[in-house]
Each structure stands twice: as structure tokens, then as C-alpha cells.
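J.: Have a look at the structure that comes next, please.
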Amino acid sequence: MKRILLICIAVMSMQMSFAQQESAFTSGEWFRFKMSYSNWLKAGNATLTVKDAKIDDKEVYHVVGKGWTTGMIKWFFKVKDKYESYFDKDSIIPYKFVRNIDEGGHTKDLEIDFDQVKHKAHVNNKKNKTKKVIDTKPNIQDMVSTFYYLRNNLDVSELKIGDEVKIDMFFDEENYGFKLKYLGEETIDTEFGSIESLKFRPYVMAGRVFKEEESLTLWVSKDKNKVPLRIKADLAVGSLRADLEAFKGLKHPFKIVVNN
């Protein structure tokens with residue numbers, strides 16, 4: 001489940017032709033997702049919230065992502081995760097990233113400050129009481145800021161079925177390359193009605209959790225908001241699905257298809 005939450009937050013991570021366009025989001029936006037195991041057992045919830053903040057007198061967006069298990073699942077595997085990203089309002093380049101998690105007793109408490117001029121990540125591992133400085137790629141993104149960067153800058157008109165795109169991210173204490181394939185358009189049924197979407201396949205590492213590297217599928221709304229609607233994963237045992245359950249504070253109208 002923890003890997004699904006991470007991918008839900010960052011799965012729109014792509015590197016290709018970008019075009020500056022009208023902002024897709026603003027302060028006050030909020031999403032809530034429900035997660036289910038094998039399409040019937042409720043597994044948990046996740047939220048994403050956009051706030052205003054300041055870092056070193058710079059106006060930034062502060063995004064908080066939370067995830068937790070519910071129902072029967074939490075009795076044998078309890079998850080309580082919190083991710084935070086502080087990024088520039090114009091360039092959507094991150095200055096700070098926080099990861100505080102408890103996943104079945106496995107805990108991490110990391111605080112990362114990005115020097116986007118010198119291309120360095122200052123990693124403060126509060127749990128282990130260690131500090132490191134690690135080289136990064138120019139304009140490196142974190143797991144949270146990536147999604148918002150793409151929402152504002154990705155030119156979806158350039159996408160063609162089969163395109164594979166990449167982006168450089170920094171996660172925990174290392175640089176991370178993420179690859180995604182565009183699968184086309186699809187109208188899906190949701191809590192809110194039928195919605196036109198863009199469909200993607202993020203590549204993941206096959207093994208203990210995922211059946212194969214193409215185990216994930218993502219649907220994102222085909223509108224100015226680029227809302228993450230659904231993600232489905234085939235696991236080594238069963239499957240996991242996350243669906244948008246509630247939202248508020250969208251900057252643009254949320255387009256719903258009316259079937260006659």
C-alpha cells in the first residue's frame with residue numbers, strides 16, 4: 001500500500017515537451033482518495049491539500065499528503081504516513097520536502113532542503129540522527145512537487161499513444177528516475193459520474209510487491225485541473241485500487257460527461 005500512495009502522489013512524473021500555460025491549481029485545493037483491496041475490502045484513505053506558506057521570505061505552496069489504513073486492514077498492518085513539499089509558486093521547484101511515516105512499525109522521519117542553485121540535497125535523518133549532502137540533477141523534483149509541476153507545465157496536446165516519458169526526482173537519500181507510458185484517452189465511471197480521462201502506465205520494480213514492472217494503471221482528468229481520478233495496481237497477491245472520493249477548491253470546472 002505504501003508504494004501505491006507514493007505513486008498516487010507522484011505518478012504524473014514525466015519529462016517531455018512543456019508549455020507554460022494557465023495554472024491548474026491554487027491554494028485551498030483538497031483531494032481525498034479511498035483505497036480498496038481486490039476491489040472489495042476497504043484498505044485506507046489518502047488526502048492532498050494545497051496551502052500558502054513562506055520559506056526564507058519566499059512565497060511558496062505547501063502541499064501536505066497523508067495516507068492511513070482503515071477497517072480490517074489496520075488491525076494487522078497499520079499505516080500512518082505524512083508527506084510535505086514546499087515549492088515555488090511560479091517555477092514549481094521544491095525547496096523543502098518532509099517524509100514522516102509509520103508503516104507497520106517501519107518508521108522514517110526525514111527532512112530534505114534543496115539547494116537548487118548548487119544542485120544539492122541536504123538530508124536530515126531525524127530518526128537516525130544523521131545528516132548528508134547529496135548531489136542532485138538541475139531542477140530536481142520531489143515526490144510531491146512533481147505532480148503539481150506537471151499539472152502546470154505538461155502540454156497534453158503533444159502526447160501520443162505509446163510515448164514514454166521520464167523525470168528526475170529525489171526520494172529519501174537518492175536520485176530516482178521515473179518512467180511513464182501514455183496509453184490514450186478513456187471515459188471512466190466515478191463517484192461523480194462519467195469523466196473523460198488520460199490513461200498512463202507507470203513503470204515499477206517487479207518483485208516482492210508488484211507482479212511485473214507494468215502492474216500499474218493511472219487515470220487523470222482530461223481538463224485544466226488534471227485531477228488524479230484512479231490508480232489500479234496488480235500486486236504479488238491481489239490488487240489495490242485508489243479512487244478520488246471527494247474534492248474541493250478546484251481552480252477550474254470539473255467536467256462530467258452527461259450520458260443520454
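Scheme for the C-alpha cells: letters A, B, ... for chains in order shown; per-chain residue numbers from 1; ligand numbers from 1 in order shown.
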Which parts of stretch 17-250 of chain A does DSSP call strand (DSSP E) when run on the backbone here, written out as a ChimeraX atom specification?

T.: /A:30-37,41-55,58-69,79-88,94-103,106-115,120-125,130-135,164-171,174-190,193-202,216-221,228-234,239-248

J.: Fewer than 3 positions away in the same chain doesn't count, so skip those; otherwise give me all residues within 9 Å of A:Tyr148, counting only C-alpha atoms, as a list in words.

T.: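 The neighbour list is Ala10, Met12, Ala24, Phe25, Ile92, Val144, Ser145, Arg151, Asn152 and Asn153 of chain A.
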
J.: Could you write out, as a list in words, all the residues of stretch 128-257 of chain A that DSSP marks as helix (DSSP H, G or I)?

T.: Ser145, Thr146, Phe147, Tyr148, Tyr149, Leu150, Arg151, Asn152, Asn153, Val156, Ser157 and Glu158 of chain A

J.: Measuring between only C-alpha atoms, which one of A:Lys224, A:Arg230, A:Arg32, A:Lys96 shows the shortest distance to A:Asp189?

T.: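 Of the candidates, the smallest distance to A:Asp189 is held by A:Arg230.
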
J.: Rounded to one decimal in Å, what is the spacing between atom CA of A:Glu191 and atom CA of A:Asp243?

T.: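 According to the coordinates, atom CA of A:Glu191 and atom CA of A:Asp243 are separated by 8.4 Å.
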
J.: Got a sec: who's within 6 Å of stretch 69-79 of chain A, counting only C-alpha atoms, leaving out chain neighbours fewer than 5 positions off, as a PyMOL selection string?

T.: chain A and resi 43-44+102-104

J.: Mind writing the picked residues with C-alpha atoms as a short mmCIF file (atom, residue, chain, number, x, y, z; two decimals), in the first residue's frame?

T.:
```cif
data_model
loop_
_atom_site.label_atom_id
_atom_site.label_comp_id
_atom_site.auth_asym_id
_atom_site.auth_seq_id
_atom_site.Cartn_x
_atom_site.Cartn_y
_atom_site.Cartn_z
CA ALA A 43 -7.88 -0.56 2.77
CA GLY A 44 -7.41 3.11 3.64
CA ASP A 102 4.90 4.67 10.28
CA GLU A 103 4.16 1.57 8.20
CA GLY A 104 3.55 -1.48 10.32
#
```

J.: Which residues are near stretch 121-132 of chain A? Cut-off 7 Å, only C-alpha atoms, ignore same chain within fewer than 3 positions. Put them as a list in words.

T.: Lys108, Asp109, Leu110, Glu111, Ile112, Asp113, Phe114, Asp115, Asp135, Thr136 and Glu173 of chain A

J.: Which is closest to A:Pro228 among A:Phe147, A:Tyr95, A:Tyr182, A:Tyr61, if we use only C-alpha atoms?

T.: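 For A:Pro228, the nearest of the given residues is A:Phe147.
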
J.: Which residue is closest to A:Glu22? Choose from A:Lys160, A:His252, A:Ala242, A:Val50 and count only C-alpha atoms.

T.: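 Comparing A:Lys160, A:His252, A:Ala242, A:Val50 against A:Glu22, the winner is A:His252.
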
J.: Tell me which protein, DNA and RNA residues are within 9 Å of A:Phe171, counting only C-alpha atoms, leaving out same-chain ones fewer than 4 positions away, and put them as a short mmCIF file (atom, residue, chain, number, x, y, z; two decimals) with all heavy atoms, in the first residue's frame.

T.:
```cif
data_model
loop_
_atom_site.label_atom_id
_atom_site.label_comp_id
_atom_site.auth_asym_id
_atom_site.auth_seq_id
_atom_site.Cartn_x
_atom_site.Cartn_y
_atom_site.Cartn_z
N GLN A 141 13.05 17.43 -8.70
CA GLN A 141 11.73 17.45 -8.09
C GLN A 141 11.68 16.45 -6.94
O GLN A 141 12.49 15.52 -6.88
CB GLN A 141 10.66 17.07 -9.13
CG GLN A 141 10.47 18.09 -10.23
CD GLN A 141 9.76 19.34 -9.77
OE1 GLN A 141 8.95 19.29 -8.84
NE2 GLN A 141 10.04 20.47 -10.40
N ASP A 142 10.74 16.66 -6.02
CA ASP A 142 10.50 15.64 -5.00
C ASP A 142 9.23 14.87 -5.38
O ASP A 142 8.58 15.16 -6.38
CB ASP A 142 10.42 16.25 -3.59
CG ASP A 142 9.26 17.22 -3.41
OD1 ASP A 142 8.13 16.90 -3.85
OD2 ASP A 142 9.46 18.29 -2.81
N MET A 143 8.87 13.90 -4.55
CA MET A 143 7.75 13.02 -4.88
C MET A 143 6.41 13.73 -4.94
O MET A 143 5.49 13.29 -5.63
CB MET A 143 7.66 11.88 -3.87
CG MET A 143 8.84 10.93 -3.89
SD MET A 143 8.95 9.96 -5.40
CE MET A 143 7.59 8.83 -5.21
N ASN A 175 18.83 9.94 -5.88
CA ASN A 175 18.17 10.38 -7.09
C ASN A 175 17.39 9.20 -7.67
O ASN A 175 17.82 8.05 -7.59
CB ASN A 175 19.20 10.87 -8.11
CG ASN A 175 19.86 12.16 -7.66
OD1 ASN A 175 19.30 13.23 -7.81
ND2 ASN A 175 21.08 12.06 -7.10
N TYR A 176 16.23 9.50 -8.25
CA TYR A 176 15.33 8.45 -8.70
C TYR A 176 14.81 8.79 -10.09
O TYR A 176 14.27 9.88 -10.32
CB TYR A 176 14.18 8.34 -7.69
CG TYR A 176 13.11 7.33 -8.04
CD1 TYR A 176 13.32 5.97 -7.84
CD2 TYR A 176 11.88 7.74 -8.56
CE1 TYR A 176 12.33 5.04 -8.15
CE2 TYR A 176 10.89 6.82 -8.86
CZ TYR A 176 11.13 5.48 -8.64
OH TYR A 176 10.15 4.57 -8.95
#
```

J.: Mind giving me the straight-line distance from atom CA of A:Ile231 to atom CA of A:Leu244 in Å, one decimal?

T.: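 Going from atom CA of A:Ile231 over to atom CA of A:Leu244 covers 9.3 Å.
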
J.: Could you state the separation of atom CA of A:Lys222 and atom CA of A:Gly177 in Å, given to one decimal place?

T.: 25.3 Å

J.: Which residue out of A:Phe87, A:Phe170, A:Trp40, A:Phe254 has the minimum interatomic distance to A:Asp223 when only C-alpha atoms are used?

T.: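 Looking only at the distances to A:Asp223, the closest residue turns out to be A:Phe254.
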
J.: Restricting the calculation to only C-alpha atoms, which member of A:Leu41, A:Gly184, A:Lys54, A:Met35 is positioned closest to A:Ser157?

T.: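 Answer, going by the shortest atom-to-atom distance: A:Gly184.
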